[in-house]
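Everything below belongs to structure-v4.pdb, which stores PDB, C-alpha atoms.
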MODEL        1
ATOM      1  CA  MET A  15     -47.006  49.638  96.062
ATOM      2  CA  ILE A  16     -44.360  47.043  96.928
ATOM      3  CA  LYS A  17     -44.886  43.597  95.476
ATOM      4  CA  TYR A  18     -44.675  40.526  97.661
ATOM      5  CA  VAL A  19     -41.599  38.406  96.872
ATOM      6  CA  ARG A  20     -42.643  34.860  96.016
ATOM      7  CA  ARG A  21     -40.094  32.278  97.068
ATOM      8  CA  ARG A  22     -39.472  28.608  96.539
ATOM      9  CA  TYR A  23     -37.736  26.199  98.891
ATOM     10  CA  LEU A  24     -35.600  23.381  97.511
ATOM     11  CA  ALA A  25     -34.651  20.227  99.399
ATOM     12  CA  LEU A  26     -31.185  19.145  98.250
ATOM     13  CA  LYS A  27     -29.209  15.942  98.738
ATOM     14  CA  VAL A  28     -25.429  16.354  98.513
ATOM     15  CA  GLU A  29     -23.419  13.313  97.453
ATOM     16  CA  CYS A  30     -19.656  13.483  97.773
ATOM     17  CA  GLU A  31     -17.383  10.490  97.181
ATOM     18  CA  GLU A  32     -14.657  11.319  99.668
ATOM     19  CA  GLY A  33     -16.508  11.996 102.892
ATOM     20  CA  GLY A  34     -18.642  14.800 104.193
ATOM     21  CA  VAL A  35     -18.772  18.411 103.147
ATOM     22  CA  ASP A  36     -19.588  21.518 105.130
ATOM     23  CA  GLN A  37     -22.225  24.168 104.517
ATOM     24  CA  ARG A  38     -19.710  26.783 103.440
ATOM     25  CA  ALA A  39     -18.325  24.582 100.653
ATOM     26  CA  VAL A  40     -21.785  23.679  99.327
ATOM     27  CA  SER A  41     -22.954  27.289  99.523
ATOM     28  CA  ASP A  42     -19.881  28.534  97.643
ATOM     29  CA  VAL A  43     -20.248  25.887  94.940
ATOM     30  CA  VAL A  44     -23.919  26.694  94.322
ATOM     31  CA  TRP A  45     -23.298  30.458  94.269
ATOM     32  CA  ASN A  46     -20.336  30.083  91.895
ATOM     33  CA  SER A  47     -22.340  27.789  89.642
ATOM     34  CA  VAL A  48     -25.172  30.330  89.330
ATOM     35  CA  LEU A  49     -22.598  33.072  88.754
ATOM     36  CA  ARG A  50     -20.765  31.063  86.085
ATOM     37  CA  LEU A  51     -23.947  30.152  84.177
ATOM     38  CA  PHE A  52     -26.034  33.322  84.538
ATOM     39  CA  GLY A  53     -23.673  36.080  85.664
ATOM     40  CA  GLU A  54     -24.122  38.672  88.360
ATOM     41  CA  VAL A  55     -27.629  39.525  87.174
ATOM     42  CA  GLY A  56     -28.651  35.880  87.594
ATOM     43  CA  VAL A  57     -27.210  35.767  91.112
ATOM     44  CA  SER A  58     -29.082  38.906  92.108
ATOM     45  CA  GLN A  59     -32.357  37.604  90.617
ATOM     46  CA  ALA A  60     -31.987  34.241  92.345
ATOM     47  CA  GLY A  61     -31.846  35.629  95.878
ATOM     48  CA  LEU A  62     -30.228  32.430  97.156
ATOM     49  CA  TYR A  63     -30.240  31.729 100.881
ATOM     50  CA  PHE A  64     -29.262  28.516 102.688
ATOM     51  CA  VAL A  65     -31.979  27.949 105.275
ATOM     52  CA  HIS A  66     -30.717  24.663 106.716
ATOM     53  CA  PHE A  67     -27.795  22.269 106.258
ATOM     54  CA  ASP A  68     -27.375  18.881 107.943
ATOM     55  CA  GLU A  69     -23.755  17.712 107.664
ATOM     56  CA  GLU A  70     -24.471  14.167 108.863
ATOM     57  CA  GLU A  71     -27.263  13.449 106.376
ATOM     58  CA  GLU A  72     -25.782  15.772 103.712
ATOM     59  CA  TYR A  73     -29.163  17.415 103.283
ATOM     60  CA  ALA A  74     -29.821  21.115 102.643
ATOM     61  CA  VAL A  75     -32.753  23.486 102.269
ATOM     62  CA  VAL A  76     -32.242  26.463  99.966
ATOM     63  CA  ARG A  77     -34.554  29.419  99.348
ATOM     64  CA  CYS A  78     -34.713  31.240  96.002
ATOM     65  CA  SER A  79     -36.996  33.497  94.002
ATOM     66  CA  HIS A  80     -39.813  31.707  92.175
ATOM     67  CA  LYS A  81     -38.819  33.375  88.882
ATOM     68  CA  ALA A  82     -35.239  32.139  89.240
ATOM     69  CA  LEU A  83     -36.177  28.534  90.095
ATOM     70  CA  PRO A  84     -35.253  27.071  86.661
ATOM     71  CA  MET A  85     -31.906  28.899  86.754
ATOM     72  CA  VAL A  86     -31.104  27.643  90.245
ATOM     73  CA  LYS A  87     -32.066  24.063  89.373
ATOM     74  CA  ALA A  88     -29.861  24.170  86.261
ATOM     75  CA  ALA A  89     -26.947  25.593  88.240
ATOM     76  CA  ILE A  90     -27.315  22.930  90.942
ATOM     77  CA  ALA A  91     -27.422  20.171  88.323
ATOM     78  CA  SER A  92     -24.165  21.437  86.802
ATOM     79  CA  VAL A  93     -22.163  20.949  90.029
ATOM     80  CA  THR A  94     -19.583  18.159  89.609
ATOM     81  CA  LYS A  95     -17.005  18.967  92.310
ATOM     82  CA  ILE A  96     -17.016  20.280  95.860
ATOM     83  CA  ASP A  97     -13.601  21.164  97.300
ATOM     84  CA  ASN A  98     -11.959  19.374  94.320
ATOM     85  CA  LYS A  99     -13.735  16.123  95.208
ATOM     86  CA  PRO A 100     -16.193  14.475  92.800
ATOM     87  CA  ALA A 101     -19.707  15.337  93.942
ATOM     88  CA  ALA A 102     -23.298  15.818  92.852
ATOM     89  CA  ILE A 103     -26.217  17.756  94.259
ATOM     90  CA  HIS A 104     -29.738  16.461  93.643
ATOM     91  CA  VAL A 105     -32.956  18.435  93.996
ATOM     92  CA  LEU A 106     -35.308  16.194  95.972
ATOM     93  CA  ARG A 107     -38.349  18.463  96.251
ATOM     94  CA  VAL A 108     -39.506  22.017  95.594
ATOM     95  CA  SER A 109     -42.216  23.746  97.597
ATOM     96  CA  GLY A 110     -43.702  27.185  98.153
ATOM     97  CA  SER A 111     -43.394  26.969 101.928
ATOM     98  CA  ILE A 112     -40.781  25.487 104.197
ATOM     99  CA  LYS A 113     -43.450  23.780 106.310
ATOM    100  CA  THR A 114     -44.876  21.860 103.349
ATOM    101  CA  LEU A 115     -41.393  20.996 102.131
ATOM    102  CA  GLY A 116     -40.608  19.449 105.510
ATOM    103  CA  ARG A 117     -43.796  17.379 105.413
ATOM    104  CA  LYS A 118     -43.114  16.106 101.879
ATOM    105  CA  VAL A 119     -39.518  15.163 102.624
ATOM    106  CA  ASP A 120     -40.451  13.486 105.930
ATOM    107  CA  ALA A 121     -43.152  11.443 104.211
ATOM    108  CA  GLU A 122     -40.692  10.280 101.538
ATOM    109  CA  HIS A 123     -38.090   9.449 104.184
ATOM    110  CA  ARG A 124     -40.605   7.358 106.154
ATOM    111  CA  GLU A 125     -41.602   5.418 103.017
ATOM    112  CA  GLU A 126     -37.946   4.704 102.192
ATOM    113  CA  SER A 127     -37.356   3.336 105.703
ATOM    114  CA  LYS A 128     -40.392   1.048 105.412
ATOM    115  CA  GLU A 129     -39.030  -0.413 102.171
ATOM    116  CA  SER A 130     -35.597  -1.086 103.713
TER     117      SER A 130
ENDMDL
END
Written form, structure tokens:
Amino acid sequence: MIKYVRRRYLALKVECEEGGVDQRAVSDVVWNSVLRLFGEVGVSQAGLYFVHFDEEEEYAVVRCSHKALPMVKAAIASVTKIDNKPAAIHVLRVSGSIKTLGRKVDAEHREESKES
């Protein structure tokens, strides 16, 4: 019997000092970070997939395996440069479904706008 693959969705905020970045650059940096820290086995276990990337808001949604979540979070935290520019990627939220992740992020975004 085939087991169901449990996945987690991560909402990421990309901060880059010298202007915007594109999806390809962020994707490559995250993949290379997982590869550098955990090797090819770690990359295959992670099952990384970029679901959504908003270049204007520098916001991304990434899917990974639930067992590889700590590895992916550690790899994302270790990113310091994107395209040789100082940068950081922050994990805003983690959820088991993309629908719930969207609701959580939207609710946080609305609260931030009320405070401003």
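Note on the selection: in this file the PyMOL selection byres ((chain A and resi 81-86) around 8) comes out as Arg22, Val48, Phe52, Gly56, Gln59, Ala60, Cys78, Ser79, His80, Lys87, Ala88, Ala89 and Ile90 of chain A.
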Any idea what's packed within 12 Å of Val43 in chain A, counting only C-alpha atoms, ignoring anything in its chain fewer than 6 positions away? Could you give it as a PyMOL selection string? chain A and resi 28+35-37+49-50+86+89-99+101-103
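Interatomic distance, CA of Cys30 in chain A against CA of Asp42 in chain A: 15.1 Å.
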Who sits within 7 Å of Lys27 in chain A, only C-alpha atoms, same chain under 4 positions skipped, as a list in words: Glu72, Tyr73, Ala74, Ile103, His104, Val105 and Leu106 of chain A
Between A:Ala25, A:Val57, A:Glu129, A:Arg77, which has the minimum distance to Arg117 in chain A (counting only C-alpha atoms)? A:Ala25
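Proximity to Gly116 in chain A was assessed for A:Val44, A:Arg38, A:Leu26, A:Val19 counting all atoms listed in the file; the smallest distance is recorded for A:Leu26.
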Which residue gives the smallest distance to Ser111 in chain A among A:Leu62, A:Val55, A:Leu24, A:Lys17, with only C-alpha atoms counted? A:Leu24
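Relative to CA of Pro100 in chain A, CA of Glu29 in chain A is found at 8.7 Å.
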I'd like the contact shell of Val119 in chain A - 10 Å cut-off, all atoms listed in the file, skipping same-chain residues fewer than 5 positions apart - returned as number ranges by chain. A: 25, 106-108, 114, 124-125
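Going from CA of Tyr63 in chain A to CA of Ala121 in chain A covers 24.3 Å.
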Find, counting only C-alpha atoms, the residue in A:Arg20, A:Leu51, A:Gly34, A:Asp68 that gets nearest to Gly110 in chain A. A:Arg20
